[in-house]
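> Please see the structure below; I have some questions.
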Amino acid sequence: MIKKICILIILVTFLGILPNCEKNLTGPKLDEDPNKATEVTMESLFSSVQINSFWFNENFAAWIVSMWMQQMSGTGMTFENYGNYQIMEVVFDDPWKKAYCSAGLVNIEKLKSNANENDNRIVAGITKILEAFLMGTTASLWGDIPYSEVSSSETPKLDKQSAVYNSLHQLLDEAITDIQSGTGYLNSEADHYYAGDISKWIAVAHSLKARFYLEWAEVDASNYTLAIAEAQQGIASTADNFKSKHSDISREENCWFQFENSAYSGYIRAGKFLVELLKSRVDPRLEFYFGTDANGEYTGSDPGEGNANASYLNPDTYGSKSWSSEFVTWEEMQFIIAECQYASGDESGALTTLDGVLTEIEGKFNITLPRYSGTGLTGDQVLEAIMMEKYIAMFTNIVVWSDWKRTGYPVFTMTYKDQPVPRRFLYPLAERTTNPNIPDASAYGIYVHNENDPN
Amino acid sequence: MIKAKSLKVFIAIAAIVCMIVAISEVSFAQGIYGKIKGKVVEQGTAMPLIGTNVSLLGTTLGAATDRDGVFEIRSVPPGTYTILVRFMGYKSIKQEVTVGASQEAVANFELKVDVLQLDEIVVTGMGGTLTKEKLGVTIAKVRTSDLVNSDENNIVAAMAGKASNVEITSFSGEPGATQFIQIRGRNTIAGSREPLFIVDGVPIDNSTRGLGAGGSGSGGTVATNRGSDLNPEDIASMEILKGASASAIYGSRAANGVILITTKSGKPGRTNISYKTSYSWDEVNRIVPLQTEYGQGDNGVYKKDYLRSWGPKLDASTPTYDHSMEMWDQTGHIMDNNLTISGGNNLTTFYASLGLINQDGPFVGNSDKYKKYSFRIKGSHVVSDKLKVTGNLAYAKVNADYLNSRSNSGGITLAVWRTPPDFNNLPYLDPETGLHRSFRYSTPTELRASRKYDNPFFTAYEKINDSEVGRTYGNLTLEYDPVDWIGVNYTLGSDYSEEDKTRVRPVSSLANSGNGSMWLRNYNYHEIDNNLITTFKLEKYIKKLNKNFSGTFMAGYNFNRREYKYLSSYGDNFVAPNYYQMDNCVTTNSTEYEYLIHTESFFGQATLDIYDQLFLTAALRNDGSSTFGKNERRHWFPKFSTAWEFTKFGKMPKIPYFNYGKLHFAYGEAGSQPGVYSTMTGFLSGNISGWWTGTLNAGSYDGVGGFYSSSIAPATDLRPERTKEYEIGVNLGFWDSRIGFDLTYYKSRTEDVIFGIGVPPSTGYSVKTTNGAVIENKGWEIDFNINPIKTKNFSWDLGMVWATNENKCVDLMGAEMYSYFDWSMISSVAAEGYPIGQFYGRDYLRFGNGSTFTLKDGTTINIDEAYPNAPAGEAFIDEDGYPTLDPQFRFLRDPNPDWTAGIRNEFTLFGKIKLSSFIDIKQGNYVWNGSKAQLINFGTHEETLKRGTTKVFDGYGPGAGNDVELDQNWYKGVGSGATSQFIEDGSYVRLREIAISYTLRHKIVHYFGLSDINIRLSGRNLMLWTDYSGIDPETNINNTGVMGMDYFNMPNTKSYVLTLRFNY
């Protein structure tokens, strides 16, 4: 009898537990991740998307471009290799992911749809401008990129660079219309670029169109006409320049400052080419851009020289915590206008425009610069003057690379082991190994010309 | 403030244990009982066998022999009993004995040596035990004396080489450094490769928590595997369930094997007291060779504060400093004290131990200290003949002060090996200004500025990396036999630990531009395990059916809960320079992370013995876990094993000197659970940060909060990874069981392996967690034991283990690779057709890949077309005459060993003197010598003494055959950048242990009331034979399970240890 009771007790115990199975495996912290938010506000996405654009334009892409364009120089560890054009697919994973993942294109799409759901055309329009800025820069660096299929395909195809630019022009036109509709509301605090001033965003849209048209002028000269028209509607003053926002607060500092104050300190230094150029011109921007080296002098490093003791950025300006990197500027628009004037045969107009920029720069930096009008420059000399001034003025901006590819200015006095200067980024390892549409790096390499860079 | 909860749990369980002990005093009774007395000696030598287990079958009665081999079992009710005498390494004896009321029966025993140890009880898991004879699977039993004699205070380190295919890798020689285990190869990609630790039937935590939220990342210091909290002296037995065929009964957490540990208990009889004290002398065993001939500078010219040492050749008058040794030019010590007391009577037993380890490593400075207090109390009481209660509680407190080491610019190895030979790192404070000076900022003028690299002495003396751990773990077990054929065992286990880490980077150290920063981190882990097992003892019912059959049946239920919480506060910019609290920081922020996992299981196991020669076992487990996807809630894990002792088969002809033979076969399936919350996604708030550097706080930027989506695409549904393993083996005994030979072959296939399959980042996600990869492991294992000489005055024991494992990822769902560790120069990857962990990195540009090369004139050539005669695999030589870098990473070498072995020798002289040695061998594993690569780049490595010499590089190309100079450009470029040059054979043979011990049993010792004193002098890691050119190749780059990577890793150590053990 006792035995039977015992068996019964044991059986009941087991059967009693069984029905609880599912209940034991569900509940708070079990079927939801307590460490992630599932619903977020439009403003919080909008803020992150802008911060991501700060990072994208002043982090790795800017470091590489400035080294290859010899404004800066790789002087330590792998950065020295990168500066010497020894660069691998894998190092492009990071900037590429910033373009597409997280607060990149995928959240831009999310933000656009949130804005549309809320009938907020102002936010939708500004988001489109940020999208055009991000994807335009990506296409400028890599050439053909995935774009039209990113939301619809598991392995997006590469769109021709020209197709991407065409889409972005359309997107910017839509953006302008959206913002001009006045429908919606922009939280000025969440607008890190213009604190809610929507007219300035419209100017940025025109400025980007001007830049994009100019980048295609080597292929089709008719783009000069389109570019000048957009540039004239572009950013109207240096005060309205499209630039990042930083502060002295930890993790809000400029990425160039963070680089020099990290474990990578000394791995990037001033480029000897730019330092010597500024010295030869007695251009006071030498002291504005760069700090002094240990001997109190302004020195740069050549590709392959690896002089880690050369100057870095001026710790009070470009190298400071709160320095705002200028991404799209009034100056750039004026350079575009000047170049377009030159292309249309108006050389004196071009030089006048150029002098206008210099006057503005003098005021901005409180320095004195020579003028070009009346110096008798003609032909290629005019173009060279414009492009060299643009090269100096657009310091650390990635636009100097496409200018060089297009015009051949500046002409570098030396390169690493006399090797050619790279003309594009490699597709990242993470994309190449997962997307069959991406070619192997060994099949093209960094010297292949992009579609808008035929020569 | 801290450990309050830990202490509370401790007090509660201590109270229960005390109650059990108290009750025992009441119920202890004597009366008409008789007793059994006797002596146990070794056959042939008549040497007393101390500590032999003597028990009466079918009762709870028993005793252990004392120093004279004498035992006494008291309170024996009158009757006839089967007495079982069991001692490890000897054949056990069963004998009938009859005791009358108030009588004393005498029974003496002579035990025979048996290297096969067929009668040895092997714990098979989930309350099951079998004699070794009946085992159908390979379960490695580690001798507890081997664990204690290893002179390692971390039980995982103590296991090194002791069992075939149980590979232990130490992180470094730093005190408290974590130890990795991998059994029978790696069968997971992204998951943990560590086995499950079960102590007294309850899982305990052996994770290694770094500084990250999930506990990953080294944070610039070592971290400790929590299994080290266990005191090796407390261990009574350790069994290793190597593969799924043995571990299936542990279901979805057992694919990496299970380590089963049983702690010591008190034995009825005389109270035993043992006190051990040991002291060690520890030194660094291998270093990185550096040059002292060329100074700081560039292109042969001295440059002050320059990064590298490509300066002028130093003349004899310039003082030089060999930085290879200066940070560890001292002897470290470990003071280890341990006291155990155990005893009891037939109804009640107790065991208590107290251990204190105090270690100061051989590294210069205030850090590298490790202090562990461990305490255990265990008591059991037979309440009635139907109920037994056991309480078991351990408490550990660990205080460690780690070093900021390894690959970060503040780390001592990185800074010291990169220091130019003409720069003196001492004094680390400038005598004039009192400011922190370093070779890149040698005349400091500012306090709050980056030193580029911190002076290694500043790091060693001024930085703080404290860890304080409090841990309470133990269990309460009720064994209830309602009727004689049913046994119910309920065990409630709890493992609670809390760790506080403090990290301070004082003002002027590298972090945060010299303004100083600090972390405070708190980790909290609590695991509760409920385990109910009902055993049906069906022997007599089965025997009724057929007297040649016997068997058991067991069914059980388990509910397990794991909870983890992590809190971190960060502050920077110290206002007052030497005051390290959060209120002294200009900016602070906090982060947190937590998880909760429930796992619920049902399981059953049946065994059947046929004709006492065929032994069958079958088991089945069903697991449900909150980590499984919603549609994948429950999964089955079956196993089956059979063993046939063919030498018992009647028709088997007798072969001389061949006395035992068993064939066994087993199949089993076990799993690994998906990472917690892998099936869920959401938005993150936090940093947008770069691979190199540059962090922008999107979570809160200029007062605006932000979110962004995770780059990991949500898994739709996840199943546990499933390892299916079969093994087949033979156990043979020769020469009257003085030679034992075990051979096992196993093959496993792990399916549904979870990994983040790379998806094109252009889709908005870079990774999607998924089931689907397949990994295979297969190998051979040999255990060979021989006792060639056994006389009264001399005995020799020789044991060898040898194993191979061949690991291969056979399916990666079409993904080219999964990189689970990315370094800018090298990755460790899983790729189809390659072993897990295969190195993938920079190589010379080689023929056979269809590669292109751009010549100086700008023309691009396809090198294979341009040089059709060049064999594939040969290097391309550029126009100057140097090899160049391949722009694409290539598969390089395999960090997994081809085979591993251990050889143990033990000589006993006059029963008092023991000489022993243990040799550990690992062959065919490759190690990336990243330190060498980087130090060549810096010009400090000994290799760079070749600067200025010339070389003709092998290969084909426009500059092939040119005699080119090994100049600075070569060494800084391809000469250090092509990783393939630095992947070296990391094979080694090491004398892991050598010892001599003497046991004093003199009258004088007895006069002081002691039974004996044992004096032992031993050496750990004294000899190491390897072709590896860096530090000890047994090293690891981080604590996440990456193999064979050495990038500014800290050196390992060797030790001399003196141990005294007093037994009462």
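If you're wondering about the labels, chains in the structure tokens are A, B, ... by order shown, residues count from 1 in each chain, ligands from 1 in order shown.
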I'd like the neighbourhood of Asp529 of chain B as a ChimeraX atom specification, where a residue qualifies if any of its atoms comes within 12 Å (using only C-alpha atoms), though same-chain residues fewer than 6 positions away should be ignored.
/B:198-205,473-477,490-496,557-563,597-601
> When the cut-off is 7 Å and we count only C-alpha atoms, which residues of chain B are near chain A, given as an MDAnalysis selection string?
chainID B and resid 306:307 409 450 452 482:483 513 593:598 625:626 677 680 682:684 688 690:691 693:698 701 704:711 758:765 815:816 851:852 856 858 887:888 973
> Just how far from atom CA of Ile754 of chain B is atom CA of Ser685 of chain B, in Å to one decimal?
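So the two atoms, atom CA of Ser685 of chain B and atom CA of Ile754 of chain B, lie 26.0 Å apart.
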> Would you work out the distance separating atom CA of Pro456 of chain B from atom CA of Lys501 of chain B, expressed in Å to one decimal?
21.5 Å
> Of the residues A:Thr396, A:Ser280, A:Gln71, A:Ser244, which is the one nearest to Ser322 of chain A, using only C-alpha atoms?
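Ranked by minimum distance to Ser322 of chain A, first place goes to A:Ser244.
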> I'd like the neighbourhood of Trp330 of chain A as a list in words, where a residue qualifies if any of its atoms comes within 8 Å (using only C-alpha atoms), though same-chain residues fewer than 2 positions away should be ignored.
Gly234, Ile235, Ala236, Ser237, Thr238, Asp240, Asn241, Val328, Glu332, Met333 and Gln334 of chain A
> Give me a file of those residues, with C-alpha atoms, as a PDB file, in the first residue's frame.

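Here's the written file out37.pdb:
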```
ATOM      1  CA  GLY A 234      23.601  77.168 -52.793  1.00  0.00           C
ATOM      2  CA  ILE A 235      24.985  78.122 -49.410  1.00  0.00           C
ATOM      3  CA  ALA A 236      24.852  81.894 -49.280  1.00  0.00           C
ATOM      4  CA  SER A 237      27.497  82.755 -46.737  1.00  0.00           C
ATOM      5  CA  THR A 238      30.295  81.167 -44.758  1.00  0.00           C
ATOM      6  CA  ASP A 240      25.741  79.008 -43.248  1.00  0.00           C
ATOM      7  CA  ASN A 241      28.400  76.410 -44.016  1.00  0.00           C
ATOM      8  CA  VAL A 328      29.817  71.694 -47.818  1.00  0.00           C
ATOM      9  CA  GLU A 332      33.142  75.447 -52.366  1.00  0.00           C
ATOM     10  CA  MET A 333      30.201  77.004 -54.209  1.00  0.00           C
ATOM     11  CA  GLN A 334      32.369  79.959 -55.207  1.00  0.00           C
TER      12      GLN A 334
END
```
> Write out as a list in words all residues of segment 105-178 of chain B that backbone DSSP assigns to alpha helix (DSSP H).
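Those in segment 105-178 of chain B that DSSP calls alpha helix (DSSP H) are Thr144, Ser145, Asp146, Leu147, Val148, Asn149, Ile155, Val156, Ala157 and Ala158 of chain B.
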> Need the shell around Ala393 of chain A: protein/DNA/RNA residues with any atom at most 10 Å away, counting only C-alpha atoms. Skip same-chain ones fewer than 6 positions apart. Format as a list of chain:residue names?
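Using only C-alpha atoms, the neighbours found are A:Arg285, A:Glu331, A:Glu332, A:Phe335, A:Val357, A:Leu358, A:Ile361, A:Met387, A:Val400.
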> Name the residues of segment 135-371 of chain A that fall into strand (DSSP E or B) according to DSSP on the backbone, using the chain letters and numbers of this document, as a PyMOL selection string.
chain A and resi 145-146+158-159+242-243+268-271+290+301+313+326-328
> For those residues, write C-alpha atoms to a file as a PDB file, in the first residue's frame.

```pdb
ATOM      1  CA  ILE A 145      27.680  51.207 -55.237  1.00  0.00           C
ATOM      2  CA  PRO A 146      24.584  49.278 -54.127  1.00  0.00           C
ATOM      3  CA  LEU A 158      25.913  47.558 -57.899  1.00  0.00           C
ATOM      4  CA  ASP A 159      24.291  50.580 -59.469  1.00  0.00           C
ATOM      5  CA  PHE A 242      27.280  72.812 -43.594  1.00  0.00           C
ATOM      6  CA  LYS A 243      29.515  71.542 -40.813  1.00  0.00           C
ATOM      7  CA  ILE A 268      49.008  60.653 -38.990  1.00  0.00           C
ATOM      8  CA  ARG A 269      51.011  63.823 -39.450  1.00  0.00           C
ATOM      9  CA  ALA A 270      50.997  66.873 -41.699  1.00  0.00           C
ATOM     10  CA  GLY A 271      51.676  66.176 -45.375  1.00  0.00           C
ATOM     11  CA  PHE A 290      49.002  72.979 -38.410  1.00  0.00           C
ATOM     12  CA  SER A 301      56.078  64.038 -43.868  1.00  0.00           C
ATOM     13  CA  LEU A 313      46.858  69.726 -36.827  1.00  0.00           C
ATOM     14  CA  GLU A 326      33.114  71.927 -42.845  1.00  0.00           C
ATOM     15  CA  PHE A 327      31.571  69.475 -45.261  1.00  0.00           C
ATOM     16  CA  VAL A 328      29.817  71.694 -47.818  1.00  0.00           C
TER      17      VAL A 328
END
```
> Just the residues within 10 Å of Arg1061 of chain B, please, counting only C-alpha atoms, with nothing from its chain fewer than 3 positions along; format it as an mmCIF file with C-alpha atoms, in the first residue's frame.

```
data_model
loop_
_atom_site.group_PDB
_atom_site.id
_atom_site.type_symbol
_atom_site.label_atom_id
_atom_site.label_comp_id
_atom_site.auth_asym_id
_atom_site.auth_seq_id
_atom_site.Cartn_x
_atom_site.Cartn_y
_atom_site.Cartn_z
ATOM 1 C CA SER B 274 45.558 17.881 7.386
ATOM 2 C CA TYR B 275 47.502 21.069 7.058
ATOM 3 C CA LYS B 276 49.391 22.038 3.978
ATOM 4 C CA THR B 277 51.696 24.941 3.467
ATOM 5 C CA SER B 278 53.646 25.723 0.363
ATOM 6 C CA ASN B 337 48.034 27.457 3.185
ATOM 7 C CA ASN B 338 45.297 24.940 3.525
ATOM 8 C CA LEU B 339 43.635 23.287 6.481
ATOM 9 C CA THR B 999 57.004 11.076 3.795
ATOM 10 C CA ASP B 1012 52.994 11.756 9.030
ATOM 11 C CA ILE B 1013 54.690 14.745 7.491
ATOM 12 C CA ASN B 1014 55.197 14.979 3.773
ATOM 13 C CA ILE B 1015 57.878 17.201 2.313
ATOM 14 C CA ARG B 1016 57.742 17.913 -1.378
ATOM 15 C CA TYR B 1064 46.940 14.157 11.922
#
```
> Tell me, in Å to one decimal, how far atom CA of Gly291 of chain A is from atom CA of Leu278 of chain A.
13.5 Å
> Determine the nearest neighbour of Ile386 of chain A from the options A:Thr359, A:Leu354, A:Ala239, A:Thr413, counting only C-alpha atoms.
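Going through A:Thr359, A:Leu354, A:Ala239, A:Thr413 one by one, the smallest distance to Ile386 of chain A is for A:Leu354.
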> Please provide the set of residues having any atom within 8 Å of Trp636 of chain B, restricted to only C-alpha atoms, with same-chain residues fewer than 6 positions apart removed, written as a list in words.
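These residues fall inside the cut-off: Gly251, Leu620, Arg621, Asn622 and Asp623 of chain B.
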